[in-house]
Each structure stands twice: as C-alpha cells, then as structure tokens.
Amino acid sequence: RQLVKSPGLTLTALVSLVLGIGATTAVFSVIYAALINPYPFVGADRIVRLTIQSKAGQGDWANLNGPQIQRVRQLGMVESLLAMDYHAMIVTGHELPENVNAIGLISNGFADLGVPPVLGRGLVPSDSIDGQDPQAVTVLSYAFWQTHFLSDPDVVGKTIQLDRKNYLIVGVAAPRFRWYSADVYLPLKLTQDPGLLYIINLRLRKGVSHEQADAALEPLLDQFAREMPNRFPEHFRVRVEGLNEWVVRSIS
C-alpha cells in the first residue's frame with residue numbers, strides 16, 4: 001500500500017531492482033564463462049598469454065616478431081604457439097559499410113585449439129605458405145554469420161568483401177569459439193621483418209607449471225631486449241598468464 005501511495009518511490013525501487021539484477025546477471029555471465037564453464041579449447045588450462053612486468057609492476061603483452069617467435073617455438077616446454085594480429089576492417093560492396101573485428105590467425109590455430117567449425121573448415125597451413133601471400137579466405141565467427149548472413153546454411157563458398165577485397169568464406173566457427181572476439185578470421189602471414197610484431201599465446205606441455213615457463217622464457221626475452229632495447233622496459237620480468245587469470249583480472 002505504501003508503494004501505491006508513493007509512485008515515485010515505487011519507480012525508483014523498481015529501476016534499482018532491475019539495474020541490480022542486470023548487473024548481477026552480467027557479472028555472473030562473465031564469471032560463469034570464465035571460471036565455471038570451461039573453455040572449449042583443447043588443453044585450455046595450459047594455454048597462456050606471454051606478458052612482461054615492468055619494475056613498477058605494470059604488465060603488458062609481450063608482442064614478438066617472426067624470428068623471435070621461431071626461437072620461442074623451439075623451447076622444450078612449448079607444445080604449440082598461437083600467433084595472431086588484430087585489426088579493424090570494413091565490409092564493403094554494400095550501401096552501408098560495416099566495421100568488423102578481424103584477426104589474422106596462424107594457420108595451425110584452428111587445429112591446435114581443437115574446436116571443429118559448424119560449417120566448412122578452419123584455417124589450414126596451405127592458406128598461408130611461407131614466402132607467399134596468404135590465400136584470400138576467411139572463417140566467420142558464429143555470431144557474425146548469424147547477424148550478417150542470417151544463419152545461411154549455404155554460406156560456405158560465397159564471398160565477403162573486406163576493405164574492397166573479396167575473400168572466399170571457407171567455414172563458420174563453432175558458437176563457443178570466441179578467440180579474442182573476432183568477427184572474421186584470416187590467415188596470418190608470419191614474416192621475417194623484425195619490425196612486424198604479433199600477439200602470441202602458448203600452449204605449455206603437460207606438467208609444465210607457470211613458474212617453470214617463466215624461468216624458461218626469461219633468458220630468451222632478456223636476449224630479445226638486448227637485441228631490441230626500444231621494444232622492452234629497461235627492467236622487467238616475464239610472466240605467463242592463463243586464460244582465466246587475465247579475464248578475471250580485467251573485470252576486477
């Protein structure tokens with residue numbers, strides 16, 4: 001009865017309740033996705049991001065160039081390496097251009113992550129051969145396929161124009177394949193150009209702890225810093241972070 005007599009108070013209470021439920025639901029959704037419901041990737045608990053911590057305690061991704069990536073790959077504790085770059089592209093060829101998030105993913109990425117596409121195939125080594133330009137192919141994310149192509153079951157074999165270049169659609173990723181929230185995945189070209197840097201994640205071999213990985217990577221990155229001092233802090237330490245670790249840190 002008191003709420004009926006005070007409609008303003010009622011409205012305020014309802015809005016507060018809705019906002020509270022919405023915020024709680026959003027936080028639970030993130031925590032559920034990150035902690036309770038495991039990632040769909042094979043060996044997800046062994047996938048780590050390589051970071052460097054400055055003397056001031058600030059952390060950042062350790063982006064590496066092609067030659068450096070080859071040297072990291074040779075470490076015995078590394079089972080596989082996932083290199084990528086991330087950039088914005090525009091869907092062209094329509095009246096209204098549309099911005100999309102594009103990830104250039106190393107050609108072994110889909111196979112190593114081990115999540116079969118729902119349609120077609122993932123990226124394969126023949127899509128990006130050393131010394132050649134990558135093939136003009138793409139794998140769509142599940143959400144982008146739903147919104148942009150209205151879940152067309154015959155989308156594989158069609159083309160999409162990105163930045164005025166046609167790409168053949170070879171697959172649609174699984175619903176839970178959300179690798180860095182890309183809309184489209186393109187073959188990555190790893191070059192020997194020391195000026196081109198890539199984001200990397202590692203899958204550690206079974207039984208390798210994060211502390212052991214840090215210890216193995218530290219001298220190698222120290223060497224990289226001596227070779228390219230402008231790319232690293234003056235004093236730093238190497239630290240690998242698991243998938244859950246950096247997701248939780250980003251929402252804390």
# chains A, B, ... in the order shown; residues from 1 in each chain; ligands from 1

call {"tool": "select_by_dssp", "arguments": {"residues": "range 50-195 of chain A", "states": "strand (DSSP E)", "output": "number ranges by chain"}}
result
A: 50-54, 59-61, 78-91, 98-105, 119-120, 137-140, 159-162, 165-172, 184-187

call {"tool": "select_by_dssp", "arguments": {"residues": "range 96-222 of chain A", "states": "helix (DSSP H, G or I)", "output": "VMD selection string"}}
result
chain A and resid 109 to 113 125 to 127 142 to 149 210 to 222

call {"tool": "closest_residue", "arguments": {"among": "A:Leu81, A:Lys165, A:Glu211, A:Phe110", "to": "Ile69 in chain A", "atoms": "only C-alpha atoms"}}
result
A:Leu81

call {"tool": "residues_around", "arguments": {"residues": "Ile169 in chain A", "least_positions_apart": "6", "cutoff": "9 Å", "atoms": "only C-alpha atoms", "output": "list in words"}}
result
Gly120, Ala136, Val137, Thr138, Val139, Leu140, Val155, Val156, Gly157, Lys158, Thr159 and Ile160 of chain A

call {"tool": "closest_residue", "arguments": {"among": "A:Ser80, A:Ser141, A:Ser128, A:Asn230", "to": "Leu202 in chain A", "atoms": "only C-alpha atoms"}}
result
A:Ser80

call {"tool": "residues_around", "arguments": {"residues": "His94 in chain A", "least_positions_apart": "3", "cutoff": "12 Å", "atoms": "only C-alpha atoms", "output": "PyMOL selection string"}}
result
chain A and resi 90-91+97-98+148+160-164

call {"tool": "residues_around", "arguments": {"residues": "Ser151 in chain A", "least_positions_apart": "4", "cutoff": "12 Å", "atoms": "only C-alpha atoms", "output": "VMD selection string"}}
result
chain A and resid 118 to 119 140 to 147 155 to 156 172 175

call {"tool": "atom_distance", "arguments": {"atom1": "CA of Pro117 in chain A", "atom2": "CA of Ala174 in chain A"}}
result
4.9 Å

call {"tool": "closest_residue", "arguments": {"among": "A:Val48, A:Ala213, A:Gln70, A:Asp85", "to": "Leu197 in chain A", "atoms": "only C-alpha atoms"}}
result
A:Asp85

call {"tool": "closest_atom_pairs", "arguments": {"of": "range 95-123 of chain A", "to": "range 182-188 of chain A", "cutoff": "9 Å", "atoms": "only C-alpha atoms", "output": "tab-separated table"}}
result
residue	atom	partner	partner_atom	distance
A:Val100	CA	A:Asp183	CA	5.9
A:Asn101	CA	A:Ala182	CA	5.1
A:Ala102	CA	A:Val184	CA	5.0
A:Ile103	CA	A:Tyr185	CA	5.0
A:Gly104	CA	A:Leu188	CA	4.4
A:Leu105	CA	A:Leu188	CA	4.9
A:Ile106	CA	A:Leu188	CA	4.9
A:Ser107	CA	A:Pro187	CA	5.9
A:Gly122	CA	A:Tyr185	CA	8.9
A:Leu123	CA	A:Pro187	CA	6.6

call {"tool": "write_last_selection", "arguments": {"atoms": "N, CA, C and O atoms", "output": "short mmCIF file (atom, residue, chain, number, x, y, z; two decimals), in the first residue's frame"}}
result
data_model
loop_
_atom_site.label_atom_id
_atom_site.label_comp_id
_atom_site.auth_asym_id
_atom_site.auth_seq_id
_atom_site.Cartn_x
_atom_site.Cartn_y
_atom_site.Cartn_z
N VAL A 100 34.15 -4.40 -38.85
CA VAL A 100 34.28 -5.74 -38.30
C VAL A 100 35.65 -5.86 -37.62
O VAL A 100 36.61 -5.19 -38.00
N ASN A 101 35.71 -6.72 -36.62
CA ASN A 101 36.97 -7.04 -35.97
C ASN A 101 37.58 -8.25 -36.67
O ASN A 101 36.97 -9.32 -36.70
N ALA A 102 38.76 -8.07 -37.22
CA ALA A 102 39.43 -9.13 -37.97
C ALA A 102 40.66 -9.59 -37.21
O ALA A 102 41.45 -8.77 -36.74
N ILE A 103 40.81 -10.90 -37.12
CA ILE A 103 42.01 -11.48 -36.52
C ILE A 103 42.74 -12.28 -37.58
O ILE A 103 42.14 -13.13 -38.24
N GLY A 104 44.02 -11.96 -37.77
CA GLY A 104 44.87 -12.80 -38.58
C GLY A 104 45.44 -13.87 -37.68
O GLY A 104 46.20 -13.57 -36.75
N LEU A 105 45.05 -15.12 -37.90
CA LEU A 105 45.42 -16.22 -37.01
C LEU A 105 46.36 -17.16 -37.73
O LEU A 105 46.14 -17.51 -38.89
N ILE A 106 47.42 -17.59 -37.01
CA ILE A 106 48.37 -18.52 -37.58
C ILE A 106 47.64 -19.76 -38.07
O ILE A 106 46.64 -20.19 -37.48
N SER A 107 48.11 -20.33 -39.18
CA SER A 107 47.33 -21.35 -39.89
C SER A 107 47.11 -22.63 -39.09
O SER A 107 46.19 -23.40 -39.39
N GLY A 122 38.25 -24.88 -40.83
CA GLY A 122 39.00 -23.77 -40.25
C GLY A 122 40.15 -23.39 -41.17
O GLY A 122 40.25 -23.87 -42.30
N LEU A 123 41.01 -22.53 -40.70
CA LEU A 123 42.20 -22.18 -41.45
C LEU A 123 43.18 -23.35 -41.41
O LEU A 123 43.31 -24.03 -40.39
#

call {"tool": "closest_residue", "arguments": {"among": "A:Tyr39, A:Phe236, A:Trp61, A:Phe224", "to": "Pro194 in chain A", "atoms": "only C-alpha atoms"}}
result
A:Phe224

call {"tool": "residues_around", "arguments": {"residues": "Ile200 in chain A", "least_positions_apart": "5", "cutoff": "7 Å", "atoms": "only C-alpha atoms", "output": "list in words"}}
result
Arg49, Leu50, Asn63, Leu81, Leu82, Ala83 and Met84 of chain A

call {"tool": "closest_residue", "arguments": {"among": "A:Asn65, A:Arg121, A:Val78, A:Arg176", "to": "Thr191 in chain A", "atoms": "only C-alpha atoms"}}
result
A:Asn65

call {"tool": "residues_around", "arguments": {"residues": "Asp130 in chain A", "least_positions_apart": "4", "cutoff": "9 Å", "atoms": "only C-alpha atoms", "output": "PyMOL selection string"}}
result
chain A and resi 134+189-191

call {"tool": "write_last_selection", "arguments": {"atoms": "N, CA, C and O atoms", "output": "PDB file, in the first residue's frame"}}
result
ATOM      1  N   PRO A 134      49.200 -14.781 -48.081  1.00  0.00           N
ATOM      2  CA  PRO A 134      48.129 -15.685 -47.654  1.00  0.00           C
ATOM      3  C   PRO A 134      47.001 -15.750 -48.677  1.00  0.00           C
ATOM      4  O   PRO A 134      46.776 -14.812 -49.449  1.00  0.00           O
ATOM      5  N   LYS A 189      50.105 -13.980 -41.986  1.00  0.00           N
ATOM      6  CA  LYS A 189      51.383 -14.118 -42.671  1.00  0.00           C
ATOM      7  C   LYS A 189      52.505 -13.765 -41.693  1.00  0.00           C
ATOM      8  O   LYS A 189      52.676 -12.618 -41.303  1.00  0.00           O
ATOM      9  N   LEU A 190      53.252 -14.799 -41.269  1.00  0.00           N
ATOM     10  CA  LEU A 190      54.412 -14.569 -40.419  1.00  0.00           C
ATOM     11  C   LEU A 190      55.596 -14.216 -41.304  1.00  0.00           C
ATOM     12  O   LEU A 190      55.968 -14.982 -42.182  1.00  0.00           O
ATOM     13  N   THR A 191      56.181 -13.063 -41.087  1.00  0.00           N
ATOM     14  CA  THR A 191      57.292 -12.620 -41.920  1.00  0.00           C
ATOM     15  C   THR A 191      58.581 -12.577 -41.098  1.00  0.00           C
ATOM     16  O   THR A 191      58.562 -12.702 -39.868  1.00  0.00           O
TER      17      THR A 191
END

call {"tool": "closest_residue", "arguments": {"among": "A:Asn166, A:Asp152, A:Leu217, A:Lys206", "to": "Arg73 in chain A", "atoms": "only C-alpha atoms"}}
result
A:Leu217
